[in-house]
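Visitor: Following this line is target_16.csv, made up of CSV, C-alpha atoms:
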chain,number,residue,atom,x,y,z
A,549,MET,CA,-70.6,2.0,-26.1
A,550,HIS,CA,-69.6,4.2,-29.1
A,551,LYS,CA,-69.7,7.9,-28.0
A,552,GLY,CA,-70.9,10.8,-30.0
A,553,LYS,CA,-68.7,13.7,-31.2
A,554,LEU,CA,-69.2,17.4,-31.5
A,555,PHE,CA,-69.2,18.9,-35.0
A,556,VAL,CA,-69.2,22.7,-35.4
A,557,PHE,CA,-70.2,24.0,-38.9
A,558,SER,CA,-69.1,27.6,-39.3
A,559,GLY,CA,-67.8,30.2,-41.8
A,560,PRO,CA,-68.9,33.4,-43.5
A,561,SER,CA,-72.6,34.1,-43.7
A,562,GLY,CA,-74.5,33.3,-46.9
A,563,THR,CA,-72.6,30.1,-47.7
A,564,GLY,CA,-75.6,27.8,-46.9
A,565,LYS,CA,-74.2,26.0,-43.9
A,566,GLY,CA,-77.6,26.1,-42.3
A,567,THR,CA,-79.0,24.0,-45.1
A,568,ILE,CA,-76.1,21.5,-44.8
A,569,VAL,CA,-76.7,21.2,-41.1
A,570,LYS,CA,-80.4,20.7,-41.5
A,571,GLU,CA,-79.7,17.8,-43.8
A,572,LEU,CA,-77.3,16.2,-41.3
A,573,LEU,CA,-79.8,16.6,-38.5
A,574,LYS,CA,-82.2,14.3,-40.4
A,575,SER,CA,-80.1,11.4,-39.2
A,576,PRO,CA,-81.2,9.6,-36.0
A,577,ASP,CA,-77.5,9.5,-34.9
A,578,THR,CA,-77.4,13.3,-34.7
A,579,TRP,CA,-78.6,15.6,-32.0
A,580,PHE,CA,-79.9,19.2,-32.3
A,581,SER,CA,-78.9,21.7,-29.7
A,582,VAL,CA,-81.5,24.1,-28.4
A,583,SER,CA,-80.0,27.5,-27.5
A,584,CYS,CA,-80.7,29.6,-24.5
A,585,THR,CA,-81.7,33.2,-25.0
A,586,THR,CA,-82.7,36.2,-22.8
A,587,ARG,CA,-84.9,37.6,-25.5
A,588,ALA,CA,-88.7,37.3,-25.2
A,589,PRO,CA,-90.4,34.5,-27.1
A,590,ARG,CA,-92.0,35.5,-30.5
A,591,GLU,CA,-95.4,34.3,-31.5
A,592,GLY,CA,-95.4,30.5,-31.9
A,593,GLU,CA,-92.0,30.0,-30.3
A,594,ILE,CA,-92.1,27.2,-27.7
A,595,ASP,CA,-89.8,27.1,-24.7
A,596,GLY,CA,-87.4,24.1,-25.0
A,597,VAL,CA,-88.2,23.6,-28.7
A,598,HIS,CA,-87.1,26.8,-30.5
A,599,TYR,CA,-85.1,28.2,-27.5
A,600,PHE,CA,-84.8,27.9,-23.8
A,601,PHE,CA,-86.1,31.3,-22.7
A,602,VAL,CA,-84.2,32.3,-19.6
A,603,THR,CA,-83.9,35.5,-17.5
A,604,GLN,CA,-80.8,37.6,-17.7
A,605,GLU,CA,-80.0,36.5,-14.1
A,606,LYS,CA,-80.1,32.8,-15.0
A,607,TYR,CA,-78.1,33.5,-18.1
A,608,ASP,CA,-75.4,35.3,-16.2
A,609,GLN,CA,-75.3,32.5,-13.7
A,610,MET,CA,-74.8,29.9,-16.5
A,611,VAL,CA,-72.0,32.1,-18.0
A,612,GLU,CA,-70.4,32.3,-14.6
A,613,GLU,CA,-70.6,28.5,-14.0
A,614,GLY,CA,-69.2,27.7,-17.5
A,615,GLY,CA,-72.5,26.3,-18.5
A,616,PHE,CA,-72.2,27.3,-22.2
A,617,LEU,CA,-70.1,25.9,-24.9
A,618,GLU,CA,-70.2,29.3,-26.5
A,619,HIS,CA,-72.3,32.5,-25.9
A,620,ALA,CA,-72.6,36.0,-27.3
A,621,SER,CA,-74.7,39.1,-26.9
A,622,ILE,CA,-76.3,40.7,-30.0
A,623,TYR,CA,-78.4,43.9,-29.7
A,624,ASN,CA,-79.0,43.6,-25.9
A,625,ASN,CA,-80.1,40.0,-26.2
A,626,SER,CA,-77.9,37.2,-25.1
A,627,TYR,CA,-77.6,33.7,-26.6
A,628,GLY,CA,-75.8,30.6,-25.6
A,629,THR,CA,-75.3,26.9,-26.4
A,630,PRO,CA,-75.9,24.9,-23.2
A,631,LYS,CA,-73.0,22.5,-22.4
A,632,ALA,CA,-74.7,19.9,-20.2
A,633,PRO,CA,-77.3,18.6,-22.7
A,634,ALA,CA,-74.7,18.4,-25.5
A,635,LEU,CA,-72.3,16.4,-23.4
A,636,GLU,CA,-75.2,14.1,-22.3
A,637,ALA,CA,-76.3,13.6,-25.9
A,638,MET,CA,-72.7,12.6,-26.8
A,639,GLU,CA,-72.5,10.2,-23.8
A,640,GLN,CA,-75.6,8.5,-25.3
A,641,GLY,CA,-73.9,8.1,-28.6
A,642,LYS,CA,-75.4,11.0,-30.6
A,643,ASP,CA,-73.3,13.4,-32.7
A,644,VAL,CA,-73.9,17.0,-31.8
A,645,ILE,CA,-74.1,19.2,-34.9
A,646,LEU,CA,-73.9,23.0,-34.4
A,647,ASP,CA,-74.3,25.8,-36.9
A,648,ILE,CA,-72.5,28.7,-35.2
A,649,GLU,CA,-70.9,31.9,-36.3
A,650,MET,CA,-67.1,32.0,-36.2
A,651,GLN,CA,-66.4,33.6,-32.9
A,652,GLY,CA,-68.6,31.0,-31.3
A,653,ALA,CA,-66.7,28.2,-33.1
A,654,PHE,CA,-63.5,29.4,-31.5
A,655,GLN,CA,-65.1,29.6,-28.1
A,656,ILE,CA,-66.2,26.0,-28.5
A,657,LYS,CA,-62.7,24.9,-29.4
A,658,GLU,CA,-61.5,26.5,-26.1
A,659,ALA,CA,-64.3,25.0,-24.0
A,660,TYR,CA,-64.2,21.5,-25.7
A,661,PRO,CA,-60.9,20.8,-27.5
A,662,ASP,CA,-62.3,17.5,-29.0
A,663,ALA,CA,-64.8,19.5,-31.1
A,664,ILE,CA,-64.3,19.1,-34.8
A,665,LEU,CA,-64.5,22.4,-36.7
A,666,VAL,CA,-65.8,22.5,-40.3
A,667,PHE,CA,-65.5,25.6,-42.4
A,668,VAL,CA,-68.2,26.1,-45.1
A,669,LEU,CA,-66.9,28.1,-48.1
A,670,PRO,CA,-68.8,29.7,-50.9
A,671,PRO,CA,-68.0,28.4,-54.4
A,672,SER,CA,-66.3,31.8,-55.0
A,673,LEU,CA,-66.6,35.4,-53.8
A,674,LYS,CA,-68.2,36.3,-57.1
A,675,GLU,CA,-70.9,33.6,-56.7
A,676,LEU,CA,-71.6,34.7,-53.1
A,677,SER,CA,-71.9,38.3,-54.2
A,678,ASN,CA,-74.3,37.2,-57.0
A,679,ARG,CA,-76.5,35.3,-54.5
A,680,ILE,CA,-76.8,38.4,-52.3
A,681,HIS,CA,-77.5,40.7,-55.3
A,682,HIS,CA,-80.2,38.3,-56.3
A,683,ARG,CA,-81.8,38.5,-52.8
A,684,GLY,CA,-81.9,42.3,-53.3
A,685,THR,CA,-81.7,43.0,-49.5
A,686,GLU,CA,-78.3,44.9,-49.5
A,687,THR,CA,-76.9,47.9,-51.3
A,688,GLU,CA,-73.9,47.6,-53.6
A,689,GLU,CA,-71.8,49.2,-50.9
A,690,GLN,CA,-72.9,46.8,-48.3
A,691,ILE,CA,-72.1,43.9,-50.5
A,692,GLN,CA,-68.6,45.3,-51.1
A,693,VAL,CA,-68.0,45.6,-47.4
A,694,ARG,CA,-69.4,42.1,-46.8
A,695,MET,CA,-67.1,40.6,-49.5
A,696,ALA,CA,-64.0,42.2,-47.8
A,697,THR,CA,-65.2,40.7,-44.4
A,698,THR,CA,-65.7,37.3,-46.0
A,699,LEU,CA,-62.2,37.3,-47.3
A,700,GLN,CA,-60.9,38.2,-43.8
A,701,GLU,CA,-63.0,35.3,-42.4
A,702,ILE,CA,-61.6,32.9,-45.0
A,703,GLU,CA,-58.1,33.7,-43.8
A,704,GLN,CA,-59.2,32.1,-40.5
A,705,LEU,CA,-59.4,28.7,-42.3
A,706,PRO,CA,-56.2,27.3,-40.6
A,707,LYS,CA,-58.1,27.3,-37.3
A,708,TYR,CA,-60.5,24.7,-38.6
A,709,HIS,CA,-60.0,20.9,-39.2
A,710,TYR,CA,-62.0,20.5,-42.4
A,711,PHE,CA,-63.5,22.6,-45.2
A,712,LEU,CA,-66.4,22.2,-47.5
A,713,ILE,CA,-67.0,24.1,-50.7
A,714,ASN,CA,-70.7,24.6,-51.1
A,715,ASP,CA,-70.8,24.7,-55.0
A,716,ASP,CA,-73.2,21.7,-55.1
A,717,LEU,CA,-75.4,21.2,-52.1
A,718,ASP,CA,-75.7,17.4,-52.5
A,719,ARG,CA,-72.0,16.9,-52.8
A,720,ALA,CA,-71.3,19.2,-49.8
A,721,VAL,CA,-73.8,17.2,-47.7
A,722,GLU,CA,-72.1,14.0,-48.8
A,723,ASP,CA,-68.7,15.4,-47.9
A,724,ALA,CA,-70.1,16.5,-44.5
A,725,LYS,CA,-71.5,13.0,-43.8
A,726,SER,CA,-68.1,11.5,-44.8
A,727,ILE,CA,-66.3,13.8,-42.3
A,728,ILE,CA,-68.6,12.5,-39.6
A,729,LYS,CA,-68.2,8.9,-40.5
A,730,ALA,CA,-64.4,9.2,-40.9
A,731,GLU,CA,-64.1,10.8,-37.5
A,732,HIS,CA,-65.7,7.7,-36.0
A,733,CYS,CA,-63.1,5.6,-37.8
A,734,LYS,CA,-60.2,7.5,-36.2
A,735,VAL,CA,-57.7,5.5,-34.1
A,736,ASP,CA,-56.9,8.5,-31.9
A,737,GLY,CA,-58.7,8.1,-28.6
A,738,ALA,CA,-60.3,4.8,-29.6
A,739,ALA,CA,-57.2,2.5,-29.8
A,740,SER,CA,-57.2,1.2,-26.3
A,741,SER,CA,-60.9,0.4,-26.2
A,742,VAL,CA,-60.7,-1.4,-29.5
A,743,ILE,CA,-57.6,-3.4,-28.5
A,744,ASN,CA,-59.2,-4.4,-25.2
A,745,ARG,CA,-62.3,-5.6,-26.9
A,746,PHE,CA,-60.2,-8.2,-28.7
A,747,LYS,CA,-58.0,-9.0,-25.7
A,748,GLU,CA,-61.0,-9.7,-23.5
A,749,GLU,CA,-62.3,-12.1,-26.1
A,750,LYS,CA,-59.2,-14.4,-25.6
B,630,MET,CA,-55.1,21.1,-59.3
B,631,HIS,CA,-56.4,18.8,-56.5
B,632,LYS,CA,-53.7,16.2,-55.7
B,633,GLY,CA,-54.2,12.6,-54.9
B,634,LYS,CA,-53.3,11.0,-51.6
B,635,LEU,CA,-51.8,7.7,-50.6
B,636,PHE,CA,-54.0,5.3,-48.6
B,637,VAL,CA,-52.6,2.1,-47.2
B,638,PHE,CA,-55.0,-0.6,-46.1
B,639,SER,CA,-53.4,-3.1,-43.9
B,640,GLY,CA,-54.0,-5.4,-40.9
B,641,PRO,CA,-54.1,-9.1,-40.0
B,642,SER,CA,-54.6,-11.6,-42.8
B,643,GLY,CA,-58.1,-12.9,-43.3
B,644,THR,CA,-60.0,-9.7,-42.5
B,645,GLY,CA,-61.1,-9.1,-46.1
B,646,LYS,CA,-59.1,-6.0,-46.8
B,647,GLY,CA,-58.4,-7.1,-50.3
B,648,THR,CA,-62.1,-7.1,-51.1
B,649,ILE,CA,-62.5,-3.6,-49.6
B,650,VAL,CA,-59.6,-2.3,-51.7
B,651,LYS,CA,-61.0,-4.0,-54.8
B,652,GLU,CA,-64.3,-2.1,-54.3
B,653,LEU,CA,-62.4,1.2,-53.8
B,654,LEU,CA,-60.4,0.7,-57.0
B,655,LYS,CA,-63.6,0.7,-59.1
B,656,SER,CA,-63.6,4.5,-58.7
B,657,PRO,CA,-62.0,6.4,-61.6
B,658,ASP,CA,-60.4,8.7,-59.0
B,659,THR,CA,-58.3,5.8,-57.6
B,660,TRP,CA,-55.1,4.2,-59.0
B,661,PHE,CA,-53.9,0.7,-58.7
B,662,SER,CA,-50.2,0.1,-58.0
B,663,VAL,CA,-48.5,-2.7,-60.0
B,664,SER,CA,-45.8,-4.3,-57.8
B,665,CYS,CA,-42.3,-5.3,-59.0
B,666,THR,CA,-41.2,-8.9,-58.4
B,667,THR,CA,-38.1,-11.0,-59.1
B,668,ARG,CA,-40.1,-14.2,-59.4
B,669,ALA,CA,-40.9,-15.7,-62.8
B,670,PRO,CA,-44.2,-15.0,-64.4
B,671,ARG,CA,-46.9,-17.7,-64.0
B,672,GLU,CA,-49.0,-18.7,-66.9
B,673,GLY,CA,-51.3,-15.9,-68.0
B,674,GLU,CA,-49.5,-13.2,-66.0
B,675,ILE,CA,-48.7,-10.2,-68.1
B,676,ASP,CA,-45.7,-7.9,-67.4
B,677,GLY,CA,-46.9,-4.4,-66.4
B,678,VAL,CA,-50.4,-5.7,-65.6
B,679,HIS,CA,-50.1,-8.3,-62.9
B,680,TYR,CA,-46.5,-7.5,-62.0
B,681,PHE,CA,-43.5,-5.8,-63.3
B,682,PHE,CA,-41.1,-8.7,-63.7
B,683,VAL,CA,-37.6,-7.6,-63.0
B,684,THR,CA,-34.2,-9.2,-62.5
B,685,GLN,CA,-32.6,-9.4,-59.1
B,686,GLU,CA,-30.0,-6.9,-60.3
B,687,LYS,CA,-32.6,-4.4,-61.3
B,688,TYR,CA,-34.5,-5.0,-58.1
B,689,ASP,CA,-31.4,-4.5,-55.9
B,690,GLN,CA,-30.7,-1.3,-57.8
B,691,MET,CA,-34.2,0.0,-57.1
B,692,VAL,CA,-33.8,-0.8,-53.4
B,693,GLU,CA,-30.5,1.0,-53.4
B,694,GLU,CA,-31.9,4.1,-55.1
B,695,GLY,CA,-35.0,4.3,-52.8
B,696,GLY,CA,-37.2,3.4,-55.7
B,697,PHE,CA,-39.7,1.4,-53.6
B,698,LEU,CA,-42.3,2.7,-51.1
B,699,GLU,CA,-41.9,-0.7,-49.4
B,700,HIS,CA,-40.3,-4.0,-50.3
B,701,ALA,CA,-39.9,-7.4,-48.8
B,702,SER,CA,-38.5,-10.8,-49.6
B,703,ILE,CA,-40.6,-13.9,-49.2
B,704,TYR,CA,-39.2,-17.4,-49.9
B,705,ASN,CA,-36.3,-16.2,-52.1
B,706,ASN,CA,-38.5,-14.0,-54.2
B,707,SER,CA,-38.5,-10.2,-53.7
B,708,TYR,CA,-41.5,-7.9,-54.1
B,709,GLY,CA,-41.7,-4.1,-54.0
B,710,THR,CA,-44.2,-1.2,-54.6
B,711,PRO,CA,-42.5,1.2,-57.0
B,712,LYS,CA,-42.4,4.8,-55.8
B,713,ALA,CA,-42.2,6.9,-59.0
B,714,PRO,CA,-45.5,5.8,-60.7
B,715,ALA,CA,-47.4,6.2,-57.4
B,716,LEU,CA,-46.1,9.7,-56.9
B,717,GLU,CA,-46.9,10.5,-60.6
B,718,ALA,CA,-50.5,9.2,-60.2
B,719,MET,CA,-51.0,11.4,-57.1
B,720,GLU,CA,-49.6,14.4,-59.0
B,721,GLN,CA,-52.3,13.7,-61.6
B,722,GLY,CA,-55.0,13.8,-58.9
B,723,LYS,CA,-55.5,10.1,-58.4
B,724,ASP,CA,-55.7,8.5,-55.0
B,725,VAL,CA,-53.3,5.6,-54.6
B,726,ILE,CA,-54.8,2.7,-52.7
B,727,LEU,CA,-52.5,-0.1,-51.5
B,728,ASP,CA,-53.3,-3.4,-49.8
B,729,ILE,CA,-50.1,-4.2,-48.0
B,730,GLU,CA,-49.1,-6.4,-45.1
B,731,MET,CA,-48.2,-4.6,-41.9
B,732,GLN,CA,-44.4,-4.4,-42.1
B,733,GLY,CA,-44.8,-2.9,-45.5
B,734,ALA,CA,-47.3,-0.3,-44.2
B,735,PHE,CA,-44.7,0.9,-41.6
B,736,GLN,CA,-42.1,1.1,-44.3
B,737,ILE,CA,-44.4,3.3,-46.4
B,738,LYS,CA,-45.1,5.6,-43.4
B,739,GLU,CA,-41.3,6.1,-43.2
B,740,ALA,CA,-40.8,6.6,-46.9
B,741,TYR,CA,-43.9,8.8,-47.4
B,742,PRO,CA,-45.1,10.4,-44.1
B,743,ASP,CA,-48.2,11.8,-45.7
B,744,ALA,CA,-49.6,8.3,-46.3
B,745,ILE,CA,-52.8,7.6,-44.6
B,746,LEU,CA,-52.8,4.2,-42.8
B,747,VAL,CA,-56.1,2.3,-42.4
B,748,PHE,CA,-56.2,-0.8,-40.2
B,749,VAL,CA,-58.8,-3.5,-41.2
B,750,LEU,CA,-60.1,-5.5,-38.2
B,751,PRO,CA,-62.1,-8.7,-38.1
B,752,PRO,CA,-65.5,-8.5,-36.4
B,753,SER,CA,-64.0,-10.6,-33.6
B,754,LEU,CA,-61.3,-13.2,-33.1
B,755,LYS,CA,-64.0,-15.8,-32.8
B,756,GLU,CA,-65.5,-14.8,-36.2
B,757,LEU,CA,-62.1,-14.8,-37.8
B,758,SER,CA,-61.3,-18.2,-36.5
B,759,ASN,CA,-64.7,-19.5,-37.7
B,760,ARG,CA,-64.0,-18.2,-41.2
B,761,ILE,CA,-60.7,-20.0,-41.3
B,762,HIS,CA,-62.2,-23.3,-39.9
B,763,HIS,CA,-64.8,-23.0,-42.6
B,764,ARG,CA,-62.1,-22.7,-45.3
B,765,GLY,CA,-60.6,-26.0,-43.9
B,766,THR,CA,-57.0,-25.2,-45.0
B,767,GLU,CA,-55.4,-25.0,-41.6
B,768,THR,CA,-55.1,-27.4,-38.6
B,769,GLU,CA,-56.6,-26.5,-35.2
B,770,GLU,CA,-53.1,-25.8,-33.9
B,771,GLN,CA,-52.3,-23.5,-36.8
B,772,ILE,CA,-55.4,-21.6,-36.2
B,773,GLN,CA,-54.6,-21.1,-32.5
B,774,VAL,CA,-51.1,-19.8,-33.5
B,775,ARG,CA,-52.7,-17.5,-36.0
B,776,MET,CA,-55.2,-16.1,-33.5
B,777,ALA,CA,-52.3,-15.3,-31.1
B,778,THR,CA,-50.4,-13.5,-33.9
B,779,THR,CA,-53.6,-11.6,-34.9
B,780,LEU,CA,-54.0,-10.3,-31.4
B,781,GLN,CA,-50.3,-9.1,-31.4
B,782,GLU,CA,-51.0,-7.4,-34.7
B,783,ILE,CA,-54.1,-5.7,-33.4
B,784,GLU,CA,-51.9,-4.2,-30.6
B,785,GLN,CA,-50.1,-2.2,-33.4
B,786,LEU,CA,-53.4,-0.3,-34.0
B,787,PRO,CA,-52.0,3.0,-32.5
B,788,LYS,CA,-49.6,3.2,-35.5
B,789,TYR,CA,-52.5,3.7,-37.8
B,790,HIS,CA,-54.7,6.7,-38.5
B,791,TYR,CA,-58.1,5.0,-39.0
B,792,PHE,CA,-59.6,1.6,-38.4
B,793,LEU,CA,-62.4,-0.3,-40.1
B,794,ILE,CA,-64.3,-3.3,-38.6
B,795,ASN,CA,-65.2,-5.6,-41.4
B,796,ASP,CA,-68.4,-7.1,-39.9
B,797,ASP,CA,-70.5,-5.9,-42.9
B,798,LEU,CA,-68.7,-5.5,-46.2
B,799,ASP,CA,-71.0,-2.8,-47.6
B,800,ARG,CA,-70.6,-0.7,-44.4
B,801,ALA,CA,-66.9,-1.2,-44.3
B,802,VAL,CA,-66.6,-0.1,-47.9
B,803,GLU,CA,-68.8,3.0,-47.2
B,804,ASP,CA,-66.6,3.8,-44.2
B,805,ALA,CA,-63.4,3.4,-46.4
B,806,LYS,CA,-64.9,5.8,-49.0
B,807,SER,CA,-65.8,8.3,-46.3
B,808,ILE,CA,-62.2,8.2,-45.0
B,809,ILE,CA,-60.9,9.0,-48.5
B,810,LYS,CA,-63.5,11.9,-49.0
B,811,ALA,CA,-62.9,13.3,-45.6
B,812,GLU,CA,-59.1,13.3,-46.1
B,813,HIS,CA,-59.7,15.5,-49.1
B,814,CYS,CA,-61.7,18.0,-47.0
B,815,LYS,CA,-58.8,18.4,-44.5
B,816,VAL,CA,-57.6,21.9,-43.9
B,817,ASP,CA,-54.0,20.7,-43.1
B,818,GLY,CA,-51.8,21.2,-46.1
B,819,ALA,CA,-54.6,22.7,-48.2
B,820,ALA,CA,-55.3,26.0,-46.3
B,821,SER,CA,-52.9,28.3,-48.1
B,822,SER,CA,-54.0,27.2,-51.6
B,823,VAL,CA,-57.7,27.6,-50.7
B,824,ILE,CA,-57.1,31.0,-49.2
B,825,ASN,CA,-55.1,32.1,-52.2
B,826,ARG,CA,-57.8,31.0,-54.6
B,827,PHE,CA,-60.2,33.5,-52.9
B,828,LYS,CA,-57.6,36.2,-52.6
B,829,GLU,CA,-56.7,36.1,-56.3
B,830,GLU,CA,-60.3,36.5,-57.1
B,831,LYS,CA,-60.5,40.0,-55.5
Could you quickly redo this structure as structure tokens?
Guide:
Amino acid sequence: MHKGKLFVFSGPSGTGKGTIVKELLKSPDTWFSVSCTTRAPREGEIDGVHYFFVTQEKYDQMVEEGGFLEHASIYNNSYGTPKAPALEAMEQGKDVILDIEMQGAFQIKEAYPDAILVFVLPPSLKELSNRIHHRGTETEEQIQVRMATTLQEIEQLPKYHYFLINDDLDRAVEDAKSIIKAEHCKVDGAASSVINRFKEEK
Amino acid sequence: MHKGKLFVFSGPSGTGKGTIVKELLKSPDTWFSVSCTTRAPREGEIDGVHYFFVTQEKYDQMVEEGGFLEHASIYNNSYGTPKAPALEAMEQGKDVILDIEMQGAFQIKEAYPDAILVFVLPPSLKELSNRIHHRGTETEEQIQVRMATTLQEIEQLPKYHYFLINDDLDRAVEDAKSIIKAEHCKVDGAASSVINRFKEEK
């Protein structure tokens, strides 16, 4: 049976990669990963749906055992993408689609070299800065710092396989779907099973 | 400006790759290569539209100068895919889409290593043999020989980048379009120009 693949969407914040991933996850061929966290559930959050809520001890044990594709700690809380259910979903033919910050993407590449990394770019720095101004949640100085960081992040592009420029959401989603389809048409890794299918027919 | 790429569709005969390529060539972003031939024009054939009709001397000179992406002689007539207009079309941002037999595909890979090779497979040998029976143009023995050849050709799959299984024309065309789109989202070869675009903005 046709196996699923692991696609990691990543890049600077504010480029709309979450929206692209949400569109991709509407397909029945894709699988959504539920993260583990050590933080307490907020009102309305359901264990196994929004997060797997785990103790620090359980979390540390999973880190120890290599149970995460990637993990990180933010403000005393720890988060991780569990490895086993993702591998299981791929085994069942589902594509695993992750929306992960860049350090996490590089961890995944280490843990699972077959992962396909997609970098989501803003249309331009100017456009990204306009979007954030428009939101009105950051000072001019904060925005300046963020733009400098974004440029540094864009310089990491060569570590990725594909890039999407999110200047038009529909087109970016189309491109993302094309990347997923094309990866399933790749000869690498599939050649012997395809050839054998025809040989066995003889 | 965004440059075009060279896509070579190839594989055993009878798999319908010509129909797939015809669909792709409906896009204004693609470019159709007119071949050179030494054979005489048939009724209704227009020079520069159906073929470039050239003398054997001119043809030999083009071979000598490396003027073909691929070339072959069949029954005393020679055919070739001219290199210069294809490179020019790519320079202008058009994707060049070729429908070429397998030896020609390997020649192109030599002459132009950036070419993307797509192998078009039949749904099954049985289905391919049914299609040919249905056409009624070959004897049972000829069909047997052809199936053996097809299987040998399928074993060349690892030399290609992508494969398409033509069990459903619409899906195969969709997959082909996805391959073309995805190739334009590849970081390889594009990284520095993308990074520079953002740097220059600062």
Visitor: To one decimal place, how far is atom CA of B:Leu754 from atom CA of A:Glu731 in Å?
Guide: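 Rounded to one decimal, the two atoms are 24.6 Å apart.
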Visitor: Which of these residues is nearest to chain A, using only C-alpha atoms: B:Glu686, B:Asp658, B:Asp817, B:Asp724?
Guide: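 Using only C-alpha atoms, the shortest distance to chain A belongs to B:Asp817.
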Visitor: Only residues of chain B matter here; which ones have an atom within 10 Å of chain A, counting all atoms listed in the file? Give them as a count of residues only.
Guide: 53
Visitor: For B:Thr644, find every residue with an atom within 12 Å (counting only C-alpha atoms), except residues of its own chain fewer than 2 positions away, and show them as a PyMOL selection string.
Guide: chain B and resi 638-642+646-650+728+730+748-754+756-761+779+783+793-798+801
Visitor: Which is closest to A:Gly614 among A:Lys553, A:His598, A:Lys631, A:Arg683, if we use only C-alpha atoms?
Guide: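 Looking only at the distances to A:Gly614, the closest residue turns out to be A:Lys631.
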Visitor: Calculate how many Å separate atom CA of B:Ser702 from atom CA of B:Val637, rounding to one decimal.
Guide: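 Rounded to one decimal, the two atoms are 19.3 Å apart.
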Visitor: Tell me, as JSON, numbers by chain, which residues lie within 10 Å of B:Ala669, counting only C-alpha atoms; anything in the same chain fewer than 2 positions away does not count.
Guide: {"B": [666, 667, 671, 672, 674, 680, 682, 683, 684, 706]}
Visitor: Measure the distance from atom CA of B:Lys738 to atom CA of A:His550 in Å and round it to one decimal.
Guide: 28.4 Å
Visitor: Need to verify the contact set: A:Lys606, 12 Å, only C-alpha atoms, exclusion of same-chain residues closer than 5 positions in sequence. Can you return it as a list in words?
Guide: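 The filter keeps Cys584, Thr585, Thr586, Phe600, Phe601, Val611, Glu612, Glu613, Gly615, Ser626, Tyr627 and Gly628 of chain A.
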Visitor: Got time to write the residues from that selection, C-alpha atoms, as a JSON list (two decimals), keeping the file's coordinate frame?
Guide:
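Result written to result-v8.json:
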[["chain", "number", "residue", "atom", "x", "y", "z"],
["A", 584, "CYS", "CA", -80.70, 29.60, -24.50],
["A", 585, "THR", "CA", -81.70, 33.20, -25.00],
["A", 586, "THR", "CA", -82.70, 36.20, -22.80],
["A", 600, "PHE", "CA", -84.80, 27.90, -23.80],
["A", 601, "PHE", "CA", -86.10, 31.30, -22.70],
["A", 611, "VAL", "CA", -72.00, 32.10, -18.00],
["A", 612, "GLU", "CA", -70.40, 32.30, -14.60],
["A", 613, "GLU", "CA", -70.60, 28.50, -14.00],
["A", 615, "GLY", "CA", -72.50, 26.30, -18.50],
["A", 626, "SER", "CA", -77.90, 37.20, -25.10],
["A", 627, "TYR", "CA", -77.60, 33.70, -26.60],
["A", 628, "GLY", "CA", -75.80, 30.60, -25.60]]
Visitor: Counting only C-alpha atoms, select every polymer residue within 6 Å of (-79.5, 24.6, -24.9) as defined in the file's coordinates, and provide the selection as a list in words.
Guide: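 Returned residue set, sorted by chain then number, is Ser581, Val582, Ser583, Cys584, Thr629 and Pro630 of chain A.
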Visitor: Have a look at B:Asn705, B:Gly643, B:Leu698, B:Ala713 and name the one nearest to B:Gln732; count only C-alpha atoms.
Guide: B:Leu698
